[in-house]
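Novice: Okay, here's the structure, questions in a sec.
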Amino acid sequence: MSQNGKAIGLLQWIKSNLFSSYLNTFLTVISIWIVYISVPPVIQWALLDANWIGSSRDDCTKEGACWVYIGFWFKQIMYGRYPETEVWRVNVSYALLVGALIPLFITGFKHKSLLTLFLLFVYPIISYFLFIGDSFGLPLVETSLWGGLFLTLVISLVGIVASLPIGIMLALGRRSNMPIISALSIGFIEIWRGVPLITVLFMSSVMFPLFLPEGMNFDKLIRALVGVMLFSAAYIAEVVRGGLQAVPKGQIEAAEALGMSYWNTMGLIVMPQALKMVIPGIVNSFIALFKDTTLVLTIGLFDLLGTIQIIGTNADWLGFHIEGYVFTAFIFWTFCFGMSRYSMNLEKKLHTGH
Amino acid sequence: MLGFLWLREITMSEKFDVQPNIEQSISNDPMIQLNGVHKWFGDFQVLKNINLTVNKGERIVICGPSGSGKSTLIRCINHLEEHQQGQIFVEGTELTGDLKHVEQIRREVGMVFQQFNLFPHLTILDNLTLAPIWVRKLPKKEAEELAMRLLERVKIPEQAKKYPGQLSGGQQQRVAIARSLCMNPKIMLFDEPTSALDPEMIKEVLDAMIELAHEGMTMLCVTHEMGFAKTVANRVIFMDEGQIIEEKEPTEFFNNPENDRTKLFLSQILAH
C-alpha cells in the first residue's frame, strides 16, 4: 500500500516536473537522449573495455582505454624524476601529513591546536629536509628532479598555506587608518592582481635573476613558489576584505569598549566572523590556485600535467594522450572536489544561528 | 507606542513607591568630567560646549530628541568617538588620542549598546570571559567562575552554553550587561539599551539596570524610559541640538521643567 503510494508520488513528481508542458517534455526527451549517447560510450571506454593489466603497449589489445600506460609511468606521474631509491622520503612526508590531518577531523580530539601548530610550523621544516636532503645522512635531491603530483602538491600546499596569512595581513593593511600602510597594501594587491600568473612565473624565472648580483642565485622552484604565493595572496586579500566589510561596526565597538587591543579585536572578534563568511570565496581561490599550478610547466618545472605531457612524447608510448589527460583530470577533480566538500562541511560546523 | 510608555510609567511609579530612594551615598569624587567639549561630524556640530561632572555613585539619565547628540556624548566618554575641543577626564586621566590611556579608560568604563553587539560566533560564556582573559589576563577558570556569577546576577545562568542567536532580545541585552560587568567597571554607559527590544522584554533589562543602580554603580543612561529615570536617576539631563538644555533632579525635571524645548519634549513623550 505504502509502496503503491510512493509509486504514485514518483509518477506525479515526474509528470509535474519533467512533462508539465510541451516545452518541458521536449527538453526532457532531448536531455535523456544526450545522456544516452554520451555516458555509455565513456563507461565502455574507461571501464568495461579498458586494459588494466600489462607492462607494455602490446598488452593493450582491447578497444577501450589503456590504463597500462598510466601504470607503466606511475612513478614518474607521482614523483617526476625523484630518484627511485629516495621516493620513500616523499612517502614518509605524505604519511606524516595524513597522520596529522586525520585527528583534526575527529570531533572531540583534545590536542587539535597543538597538532595544527605542528602542521603549520614543524611539518614544513621536516618535509623540507626530507625532500631536499643533503643533511642527516640523506643524499641531496635537487629541486629540478622534483615533479609529477608531488611537485603539484608542494607548490599548491605552500601557496595555500602561505597565501592565507599574507592575504589576511594585506586585507587588514588595506583597511588600515595609516595612509602609508594602506597605500602599500593597495599598491601590492592591485599590481599582483593586474598581472597574469604566467607573467609572474616568467618574470620570476627569467627577469628576476637579471636583477640579482652576480653569483647570487635562488632556486627556480623557490622563485616560482614565491610568485604563486604572492599572486594568490592578492586574491585572498580581496576575498577577506569582503568579509571584513560584512562584519557590523558594532562588533568592533563592543570589543573596543571592553578595552581590547586592535590585534585582539581583529584576531578574536572580527577575523573569525569575516573568515567564516568568506569560506566559499577562499576555497574558490584555493581551487583556482591548485589548478593554476599547472602553469609552472612554462618555466620548465614538470608538475603533474607537465609530466603527463612529457611521457606522452615517449616514442614507445605514442598515442595515449587521452588516457594521460583523463587521468590528470581525474586527480585534479578528486582534490578539488575534496576541498569543496571540506568547505561545505566547515561552513555547516561553524554555523551558530545568526 | 507612546500610550504604552505611559502605562509602563505607572508601573514604574509603583515601584518608585515601594522603594522610595536608592540609599546610596554619592560622594563628591568626580569620576567623569567634561570641560567645554565640542565635536563635529564634518561640518555638522554634534556637541556644543558640553560641561558635565559625574560623581561616584551618580545615576544620570540623558534624554532628548533624536539627533540631539546624547549618544555621541556618552560615546565620547569611552572614546568610541573622538572630541575635537575641550577636555574629558575619566577618573582623573585625560582622554587624548593616546591609545594607552584610551585602553586603560575603556577597562574602567563598561558600555551597553542599543543593538547588544554580542559576539555571534562565541557562546554566551565565551562572550563574557573573552575580555577578562585577554585584557585582564585572568586565568580561564577564574574568568568562567566570574562569568557564571554575573550570569546568575542577570538571571540567565542556564543560557551559558548557547549562542547569542538562540536568545531573545531581552536575554541578549542582559548578557551584554553581564559582559560589561565582567571587566569590573567603575562606570557603566548605557546607549538606549531598551530601544531595540520588544515591549515585553524591556522590563527584564530595566530590572537588571535598577539592580545595578542599587549596588552603587556610577551610571550614565541614554534612554527614553521616563519611569526608569524617575525610579533610579538622581539627575536627568535634557539635550537638544548638541547642547545640555536642562539638568535637574528627576522630580523637579518632570514637574517643573523650565525650558520650552524640555516642556515640548516631555509633553510629547508623556502626554499620550
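Simple scheme: letters A, B, ... for chains in C-alpha cells order, numbers from 1 for residues in each chain, numbers from 1 for ligands in the order shown.
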What are the nearest atom pairs, with distances in Å to one decimal, for all residues of chain A that come at most 7 Å from chain B, using only C-alpha atoms, set out by chain and rising residue number as a Markdown table?
Specialist:
```
| residue | atom | partner | partner_atom | distance |
| --- | --- | --- | --- | --- |
| A:Gly250 | CA | B:Asn117 | CA | 5.6 |
| A:Gln251 | CA | B:Asn117 | CA | 5.6 |
| A:Glu253 | CA | B:Leu80 | CA | 6.8 |
| A:Ala254 | CA | B:Asn117 | CA | 6.1 |
| A:Ala257 | CA | B:Arg106 | CA | 5.6 |
| A:Leu258 | CA | B:Arg107 | CA | 6.0 |
| A:Gly259 | CA | B:Arg106 | CA | 4.8 |
| A:Met260 | CA | B:Val135 | CA | 6.1 |
| A:Ile269 | CA | B:Phe119 | CA | 6.9 |
| A:Gln273 | CA | B:His121 | CA | 6.6 |
| A:Thr352 | CA | B:His121 | CA | 6.3 |
| A:Gly353 | CA | B:Gly165 | CA | 5.4 |
| A:His354 | CA | B:Gly165 | CA | 5.0 |
```
Novice: Step one, run DSSP on the backbone; step two, keep only residues of segment 94-208 of chain B assigned to alpha helix (DSSP H); then write them as a PyMOL selection string.
Specialist: chain B and resi 99-108+124-134+140-153+169-181+199-208
Novice: Could you give me, as a PyMOL selection string, the residues within 12 Å of Leu318 of chain A, counting only C-alpha atoms and dropping anything in the same chain fewer than 3 positions from it?
Specialist: chain A and resi 56-57+66+69+308-315+321-324
Novice: Pull N, CA and C atoms from the residues just selected and write them as an mmCIF file, in the first residue's frame.
Specialist:
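Everything below was put into selection.cif:
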```cif
data_model
loop_
_atom_site.group_PDB
_atom_site.id
_atom_site.type_symbol
_atom_site.label_atom_id
_atom_site.label_comp_id
_atom_site.auth_asym_id
_atom_site.auth_seq_id
_atom_site.Cartn_x
_atom_site.Cartn_y
_atom_site.Cartn_z
ATOM 1 N N SER A 56 53.449 -3.335 -21.268
ATOM 2 C CA SER A 56 53.840 -2.585 -22.466
ATOM 3 C C SER A 56 52.602 -2.314 -23.315
ATOM 4 N N ARG A 57 52.763 -1.533 -24.362
ATOM 5 C CA ARG A 57 51.596 -1.156 -25.157
ATOM 6 C C ARG A 57 51.004 -2.355 -25.889
ATOM 7 N N CYS A 66 43.759 2.402 -22.335
ATOM 8 C CA CYS A 66 44.931 1.599 -22.000
ATOM 9 C C CYS A 66 45.498 2.103 -20.686
ATOM 10 N N TYR A 69 49.239 2.062 -19.617
ATOM 11 C CA TYR A 69 50.096 3.226 -19.862
ATOM 12 C C TYR A 69 50.320 4.026 -18.581
ATOM 13 N N ILE A 308 52.797 14.363 -17.542
ATOM 14 C CA ILE A 308 51.915 13.647 -18.471
ATOM 15 C C ILE A 308 52.257 14.031 -19.907
ATOM 16 N N GLN A 309 52.539 15.324 -20.104
ATOM 17 C CA GLN A 309 52.854 15.752 -21.468
ATOM 18 C C GLN A 309 54.180 15.173 -21.937
ATOM 19 N N ILE A 310 55.154 15.095 -21.033
ATOM 20 C CA ILE A 310 56.456 14.544 -21.412
ATOM 21 C C ILE A 310 56.338 13.068 -21.776
ATOM 22 N N ILE A 311 55.666 12.307 -20.902
ATOM 23 C CA ILE A 311 55.596 10.869 -21.191
ATOM 24 C C ILE A 311 54.760 10.631 -22.439
ATOM 25 N N GLY A 312 53.900 11.587 -22.767
ATOM 26 C CA GLY A 312 53.119 11.459 -24.000
ATOM 27 C C GLY A 312 53.981 11.519 -25.255
ATOM 28 N N THR A 313 55.184 12.064 -25.094
ATOM 29 C CA THR A 313 56.053 12.169 -26.279
ATOM 30 C C THR A 313 57.041 11.017 -26.359
ATOM 31 N N ASN A 314 56.959 10.086 -25.425
ATOM 32 C CA ASN A 314 57.871 8.941 -25.455
ATOM 33 C C ASN A 314 57.574 8.060 -26.669
ATOM 34 N N ALA A 315 58.626 7.744 -27.411
ATOM 35 C CA ALA A 315 58.442 7.048 -28.690
ATOM 36 C C ALA A 315 57.758 5.695 -28.542
ATOM 37 N N HIS A 321 47.649 9.949 -25.360
ATOM 38 C CA HIS A 321 47.404 11.241 -24.741
ATOM 39 C C HIS A 321 46.100 11.265 -23.952
ATOM 40 N N ILE A 322 45.075 10.667 -24.574
ATOM 41 C CA ILE A 322 43.755 10.770 -23.943
ATOM 42 C C ILE A 322 43.767 10.155 -22.554
ATOM 43 N N GLU A 323 44.367 8.963 -22.439
ATOM 44 C CA GLU A 323 44.439 8.323 -21.122
ATOM 45 C C GLU A 323 45.154 9.235 -20.129
ATOM 46 N N GLY A 324 46.232 9.827 -20.586
ATOM 47 C CA GLY A 324 47.004 10.705 -19.716
ATOM 48 C C GLY A 324 46.187 11.880 -19.219
#
```
Novice: List the spatial neighbours of Arg174 of chain A as a PDB file with N, CA and C atoms, in the first residue's frame - criterion: any atom at most 12 Å away, only C-alpha atoms, same-chain residues fewer than 6 positions off excluded.
Specialist:
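The resulting out_8.pdb:
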```pdb
ATOM      1  N   GLY A 167      47.512  37.145   2.783  1.00  0.00           N
ATOM      2  CA  GLY A 167      46.289  37.784   2.298  1.00  0.00           C
ATOM      3  C   GLY A 167      45.536  38.489   3.422  1.00  0.00           C
ATOM      4  N   ILE A 168      45.473  37.845   4.595  1.00  0.00           N
ATOM      5  CA  ILE A 168      44.783  38.462   5.734  1.00  0.00           C
ATOM      6  C   ILE A 168      45.474  39.758   6.133  1.00  0.00           C
ATOM      7  N   ILE A 180      50.195  55.210   4.908  1.00  0.00           N
ATOM      8  CA  ILE A 180      51.308  54.528   4.225  1.00  0.00           C
ATOM      9  C   ILE A 180      50.996  53.041   4.092  1.00  0.00           C
ATOM     10  N   ILE A 181      50.566  52.443   5.199  1.00  0.00           N
ATOM     11  CA  ILE A 181      50.281  51.004   5.172  1.00  0.00           C
ATOM     12  C   ILE A 181      49.163  50.703   4.181  1.00  0.00           C
ATOM     13  N   SER A 182      48.118  51.524   4.207  1.00  0.00           N
ATOM     14  CA  SER A 182      47.004  51.231   3.307  1.00  0.00           C
ATOM     15  C   SER A 182      47.426  51.436   1.847  1.00  0.00           C
ATOM     16  N   ALA A 183      48.231  52.475   1.576  1.00  0.00           N
ATOM     17  CA  ALA A 183      48.680  52.702   0.200  1.00  0.00           C
ATOM     18  C   ALA A 183      49.563  51.552  -0.286  1.00  0.00           C
ATOM     19  N   LEU A 184      50.460  51.090   0.585  1.00  0.00           N
ATOM     20  CA  LEU A 184      51.331  49.976   0.200  1.00  0.00           C
ATOM     21  C   LEU A 184      50.509  48.722  -0.086  1.00  0.00           C
ATOM     22  N   SER A 185      49.522  48.458   0.779  1.00  0.00           N
ATOM     23  CA  SER A 185      48.700  47.265   0.583  1.00  0.00           C
ATOM     24  C   SER A 185      47.922  47.353  -0.724  1.00  0.00           C
ATOM     25  N   ILE A 186      47.299  48.518  -0.951  1.00  0.00           N
ATOM     26  CA  ILE A 186      46.521  48.669  -2.185  1.00  0.00           C
ATOM     27  C   ILE A 186      47.429  48.488  -3.398  1.00  0.00           C
ATOM     28  N   GLY A 187      48.603  49.136  -3.346  1.00  0.00           N
ATOM     29  CA  GLY A 187      49.543  49.021  -4.460  1.00  0.00           C
ATOM     30  C   GLY A 187      49.926  47.577  -4.723  1.00  0.00           C
ATOM     31  N   PHE A 188      50.276  46.881  -3.661  1.00  0.00           N
ATOM     32  CA  PHE A 188      50.681  45.478  -3.799  1.00  0.00           C
ATOM     33  C   PHE A 188      49.564  44.642  -4.415  1.00  0.00           C
ATOM     34  N   ILE A 189      48.368  44.784  -3.828  1.00  0.00           N
ATOM     35  CA  ILE A 189      47.239  43.966  -4.294  1.00  0.00           C
ATOM     36  C   ILE A 189      46.943  44.257  -5.759  1.00  0.00           C
ATOM     37  N   GLU A 190      46.886  45.536  -6.103  1.00  0.00           N
ATOM     38  CA  GLU A 190      46.483  45.873  -7.470  1.00  0.00           C
ATOM     39  C   GLU A 190      47.532  45.451  -8.486  1.00  0.00           C
ATOM     40  N   ALA A 234      47.223  38.123  -3.088  1.00  0.00           N
ATOM     41  CA  ALA A 234      46.500  39.323  -3.518  1.00  0.00           C
ATOM     42  C   ALA A 234      45.014  39.011  -3.706  1.00  0.00           C
ATOM     43  N   ALA A 237      43.424  38.416  -0.310  1.00  0.00           N
ATOM     44  CA  ALA A 237      43.260  39.693   0.398  1.00  0.00           C
ATOM     45  C   ALA A 237      41.920  40.325   0.046  1.00  0.00           C
ATOM     46  N   GLU A 238      41.565  40.298  -1.215  1.00  0.00           N
ATOM     47  CA  GLU A 238      40.316  40.929  -1.616  1.00  0.00           C
ATOM     48  C   GLU A 238      39.105  40.132  -1.130  1.00  0.00           C
ATOM     49  N   VAL A 240      39.048  38.318   1.604  1.00  0.00           N
ATOM     50  CA  VAL A 240      38.969  38.561   3.048  1.00  0.00           C
ATOM     51  C   VAL A 240      38.429  39.960   3.321  1.00  0.00           C
ATOM     52  N   ARG A 241      38.839  40.933   2.500  1.00  0.00           N
ATOM     53  CA  ARG A 241      38.345  42.303   2.699  1.00  0.00           C
ATOM     54  C   ARG A 241      36.822  42.341   2.578  1.00  0.00           C
ATOM     55  N   GLY A 242      36.305  41.556   1.631  1.00  0.00           N
ATOM     56  CA  GLY A 242      34.844  41.474   1.512  1.00  0.00           C
ATOM     57  C   GLY A 242      34.214  41.011   2.816  1.00  0.00           C
ATOM     58  N   LEU A 244      35.574  41.285   5.836  1.00  0.00           N
ATOM     59  CA  LEU A 244      35.780  42.307   6.869  1.00  0.00           C
ATOM     60  C   LEU A 244      34.700  43.376   6.784  1.00  0.00           C
ATOM     61  N   GLN A 245      34.339  43.731   5.546  1.00  0.00           N
ATOM     62  CA  GLN A 245      33.336  44.778   5.381  1.00  0.00           C
ATOM     63  C   GLN A 245      31.960  44.316   5.842  1.00  0.00           C
TER      64      GLN A 245
END
```
Novice: May I ask for the distance between atom CA of Trp333 of chain A and atom CA of Pro83 of chain A, given in Å to one decimal place?
Specialist: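 Atom CA of Trp333 of chain A sits 27.6 Å away from atom CA of Pro83 of chain A.
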Novice: Of the residues B:Ile62, B:Leu266, B:His83, B:Ser71, which is the one nearest to Phe41 of chain B, using only C-alpha atoms?
Specialist: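 Nearest candidate to Phe41 of chain B out of B:Ile62, B:Leu266, B:His83, B:Ser71: B:His83.
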Novice: DSSP on the backbone, then: every residue of segment 19-216 of chain B marked strand (DSSP E or B), written as number ranges by chain.
Specialist: B: 30-41, 44-55, 59-63, 85-90, 93-94, 109-112, 187-191
Novice: Between B:Asn256, B:Gln33, B:Asn51, B:Ser267, single out the one closest to Leu95 of chain B, counting only C-alpha atoms.
Specialist: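 Looking at the shortest contact to Leu95 of chain B, the residue is B:Gln33.
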Novice: Need to verify the contact set: Lys48 of chain B, 7 Å, only C-alpha atoms, exclusion of same-chain residues closer than 4 positions in sequence. Can you return it as a short mmCIF file (atom, residue, chain, number, x, y, z; two decimals) with C-alpha atoms, in the first residue's frame?
Specialist:
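File part_30.cif, as written:
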```
data_model
loop_
_atom_site.label_atom_id
_atom_site.label_comp_id
_atom_site.auth_asym_id
_atom_site.auth_seq_id
_atom_site.Cartn_x
_atom_site.Cartn_y
_atom_site.Cartn_z
CA VAL B 37 33.64 69.62 24.87
CA HIS B 38 32.91 70.29 21.21
CA LYS B 39 32.57 67.76 18.44
CA GLY B 242 24.18 69.27 20.79
CA GLN B 243 23.71 71.25 23.99
#
```
Novice: Within 12 Å of Val195 of chain A, counting only C-alpha atoms, which residues qualify if same-chain residues fewer than 2 places away don't, as a compact mmCIF listing (two decimals) with all heavy atoms, in the first residue's frame?
Specialist:
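Once everything was written out, this is selection.txt:
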```txt
# COMPACT_ATOMS: atom_id res chain seq x y z
N PHE A 188 50.28 46.88 -3.66
CA PHE A 188 50.68 45.48 -3.80
C PHE A 188 49.56 44.64 -4.41
O PHE A 188 49.76 43.92 -5.39
CB PHE A 188 51.05 44.93 -2.41
CG PHE A 188 51.55 43.51 -2.45
CD1 PHE A 188 52.90 43.24 -2.52
CD2 PHE A 188 50.66 42.45 -2.41
CE1 PHE A 188 53.36 41.94 -2.56
CE2 PHE A 188 51.10 41.14 -2.45
CZ PHE A 188 52.46 40.89 -2.53
N ILE A 189 48.37 44.78 -3.83
CA ILE A 189 47.24 43.97 -4.29
C ILE A 189 46.94 44.26 -5.76
O ILE A 189 46.79 43.34 -6.58
CB ILE A 189 45.98 44.24 -3.43
CG1 ILE A 189 46.18 43.69 -2.02
CG2 ILE A 189 44.75 43.60 -4.06
CD1 ILE A 189 45.14 44.15 -1.03
N GLU A 190 46.89 45.54 -6.10
CA GLU A 190 46.48 45.87 -7.47
C GLU A 190 47.53 45.45 -8.49
O GLU A 190 47.20 45.03 -9.60
CB GLU A 190 46.18 47.38 -7.58
CG GLU A 190 44.98 47.82 -6.75
CD GLU A 190 43.71 47.03 -7.06
OE1 GLU A 190 43.58 46.46 -8.16
OE2 GLU A 190 42.83 46.96 -6.17
N ILE A 191 48.81 45.56 -8.12
CA ILE A 191 49.85 45.13 -9.06
C ILE A 191 49.78 43.63 -9.31
O ILE A 191 49.74 43.16 -10.44
CB ILE A 191 51.26 45.52 -8.55
CG1 ILE A 191 51.43 47.03 -8.69
CG2 ILE A 191 52.35 44.78 -9.34
CD1 ILE A 191 52.70 47.56 -8.05
N TRP A 192 49.70 42.85 -8.23
CA TRP A 192 49.70 41.40 -8.39
C TRP A 192 48.41 40.89 -9.03
O TRP A 192 48.40 39.89 -9.74
CB TRP A 192 49.93 40.70 -7.05
CG TRP A 192 51.35 40.81 -6.63
CD1 TRP A 192 51.91 41.81 -5.90
CD2 TRP A 192 52.43 39.91 -6.95
NE1 TRP A 192 53.25 41.59 -5.74
CE2 TRP A 192 53.59 40.43 -6.36
CE3 TRP A 192 52.51 38.71 -7.67
CZ2 TRP A 192 54.83 39.81 -6.48
CZ3 TRP A 192 53.73 38.09 -7.76
CH2 TRP A 192 54.89 38.63 -7.18
N ARG A 193 47.31 41.58 -8.74
CA ARG A 193 46.06 41.13 -9.35
C ARG A 193 45.98 41.52 -10.80
O ARG A 193 45.24 40.92 -11.58
CB ARG A 193 44.86 41.75 -8.61
CG ARG A 193 44.39 40.91 -7.47
CD ARG A 193 42.97 41.17 -7.15
NE ARG A 193 42.65 42.60 -7.14
CZ ARG A 193 41.43 43.07 -7.09
NH1 ARG A 193 40.42 42.24 -7.06
NH2 ARG A 193 41.19 44.35 -7.07
N LEU A 197 49.16 35.21 -13.99
CA LEU A 197 50.09 34.35 -13.26
C LEU A 197 51.25 33.91 -14.14
O LEU A 197 52.39 33.81 -13.70
CB LEU A 197 49.34 33.12 -12.71
CG LEU A 197 50.21 32.13 -11.93
CD1 LEU A 197 50.90 32.80 -10.75
CD2 LEU A 197 49.38 30.96 -11.42
N ILE A 198 50.95 33.68 -15.40
CA ILE A 198 52.01 33.20 -16.29
C ILE A 198 53.11 34.25 -16.44
O ILE A 198 54.29 33.94 -16.49
CB ILE A 198 51.39 32.80 -17.66
CG1 ILE A 198 52.33 31.85 -18.40
CG2 ILE A 198 51.06 33.99 -18.51
CD1 ILE A 198 51.64 31.10 -19.51
N THR A 199 52.71 35.52 -16.40
CA THR A 199 53.69 36.59 -16.45
C THR A 199 54.53 36.61 -15.18
O THR A 199 55.74 36.78 -15.22
CB THR A 199 52.98 37.95 -16.60
OG1 THR A 199 51.99 37.82 -17.60
CG2 THR A 199 53.95 39.04 -16.95
N VAL A 200 53.84 36.41 -14.05
CA VAL A 200 54.56 36.38 -12.78
C VAL A 200 55.62 35.27 -12.82
O VAL A 200 56.77 35.48 -12.43
CB VAL A 200 53.57 36.13 -11.62
CG1 VAL A 200 54.31 35.88 -10.33
CG2 VAL A 200 52.62 37.30 -11.48
N LEU A 201 55.22 34.11 -13.32
CA LEU A 201 56.15 32.99 -13.35
C LEU A 201 57.33 33.27 -14.29
O LEU A 201 58.49 33.00 -13.97
CB LEU A 201 55.42 31.71 -13.78
CG LEU A 201 54.42 31.19 -12.75
CD1 LEU A 201 53.60 30.06 -13.31
CD2 LEU A 201 55.16 30.74 -11.49
N PHE A 202 57.02 33.84 -15.47
CA PHE A 202 58.09 34.18 -16.41
C PHE A 202 59.06 35.17 -15.78
O PHE A 202 60.27 35.00 -15.86
CB PHE A 202 57.51 34.79 -17.69
CG PHE A 202 57.27 33.76 -18.75
CD1 PHE A 202 56.05 33.68 -19.40
CD2 PHE A 202 58.28 32.87 -19.12
CE1 PHE A 202 55.82 32.73 -20.37
CE2 PHE A 202 58.06 31.92 -20.09
CZ PHE A 202 56.82 31.84 -20.73
N MET A 203 58.48 36.19 -15.15
CA MET A 203 59.34 37.21 -14.56
C MET A 203 60.20 36.60 -13.46
O MET A 203 61.38 36.91 -13.34
CB MET A 203 58.51 38.36 -14.00
CG MET A 203 57.82 39.11 -15.10
SD MET A 203 57.56 40.85 -14.85
CE MET A 203 57.16 41.04 -13.19
N GLY A 227 56.36 33.47 -6.23
CA GLY A 227 55.45 34.09 -7.19
C GLY A 227 54.02 33.63 -7.01
O GLY A 227 53.10 34.44 -6.87
N VAL A 228 53.82 32.32 -6.92
CA VAL A 228 52.47 31.76 -6.76
C VAL A 228 51.85 32.25 -5.46
O VAL A 228 50.69 32.65 -5.39
CB VAL A 228 52.53 30.22 -6.78
CG1 VAL A 228 51.23 29.62 -6.28
CG2 VAL A 228 52.85 29.72 -8.17
N LEU A 230 52.51 34.99 -3.60
CA LEU A 230 52.13 36.40 -3.56
C LEU A 230 50.95 36.67 -4.48
O LEU A 230 50.06 37.46 -4.16
CB LEU A 230 53.32 37.28 -3.94
CG LEU A 230 54.51 37.19 -2.98
CD1 LEU A 230 55.63 38.10 -3.42
CD2 LEU A 230 54.08 37.53 -1.56
N PHE A 231 50.95 35.99 -5.61
CA PHE A 231 49.83 36.15 -6.55
C PHE A 231 48.52 35.74 -5.88
O PHE A 231 47.54 36.48 -5.89
CB PHE A 231 50.10 35.26 -7.78
CG PHE A 231 49.05 35.34 -8.84
CD1 PHE A 231 49.06 36.37 -9.77
CD2 PHE A 231 48.05 34.37 -8.92
CE1 PHE A 231 48.10 36.44 -10.75
CE2 PHE A 231 47.08 34.44 -9.90
CZ PHE A 231 47.11 35.47 -10.82
N SER A 232 48.57 34.57 -5.24
CA SER A 232 47.36 34.09 -4.58
C SER A 232 46.99 34.97 -3.40
O SER A 232 45.80 35.21 -3.14
CB SER A 232 47.61 32.64 -4.13
OG SER A 232 46.57 32.21 -3.33
N ALA A 234 47.22 38.12 -3.09
CA ALA A 234 46.50 39.32 -3.52
C ALA A 234 45.01 39.01 -3.71
O ALA A 234 44.15 39.81 -3.33
CB ALA A 234 47.10 39.85 -4.82
N TYR A 235 44.73 37.84 -4.26
CA TYR A 235 43.32 37.45 -4.43
C TYR A 235 42.66 37.19 -3.09
O TYR A 235 41.54 37.64 -2.83
CB TYR A 235 43.21 36.20 -5.31
CG TYR A 235 43.29 36.53 -6.78
CD1 TYR A 235 44.51 36.61 -7.41
CD2 TYR A 235 42.14 36.77 -7.51
CE1 TYR A 235 44.60 36.93 -8.75
CE2 TYR A 235 42.21 37.09 -8.84
CZ TYR A 235 43.44 37.17 -9.47
OH TYR A 235 43.51 37.49 -10.79
```
Novice: How far is it from atom CA of Glu252 of chain B to atom CA of Met31 of chain B, in Å with one decimal?
Specialist: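 One can read the atom CA of Glu252 of chain B to atom CA of Met31 of chain B distance as 24.2 Å.
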Novice: For atom CA of Arg153 of chain B and atom CA of Glu200 of chain B, quote the distance in Å rounded to one decimal.
Specialist: 20.0 Å
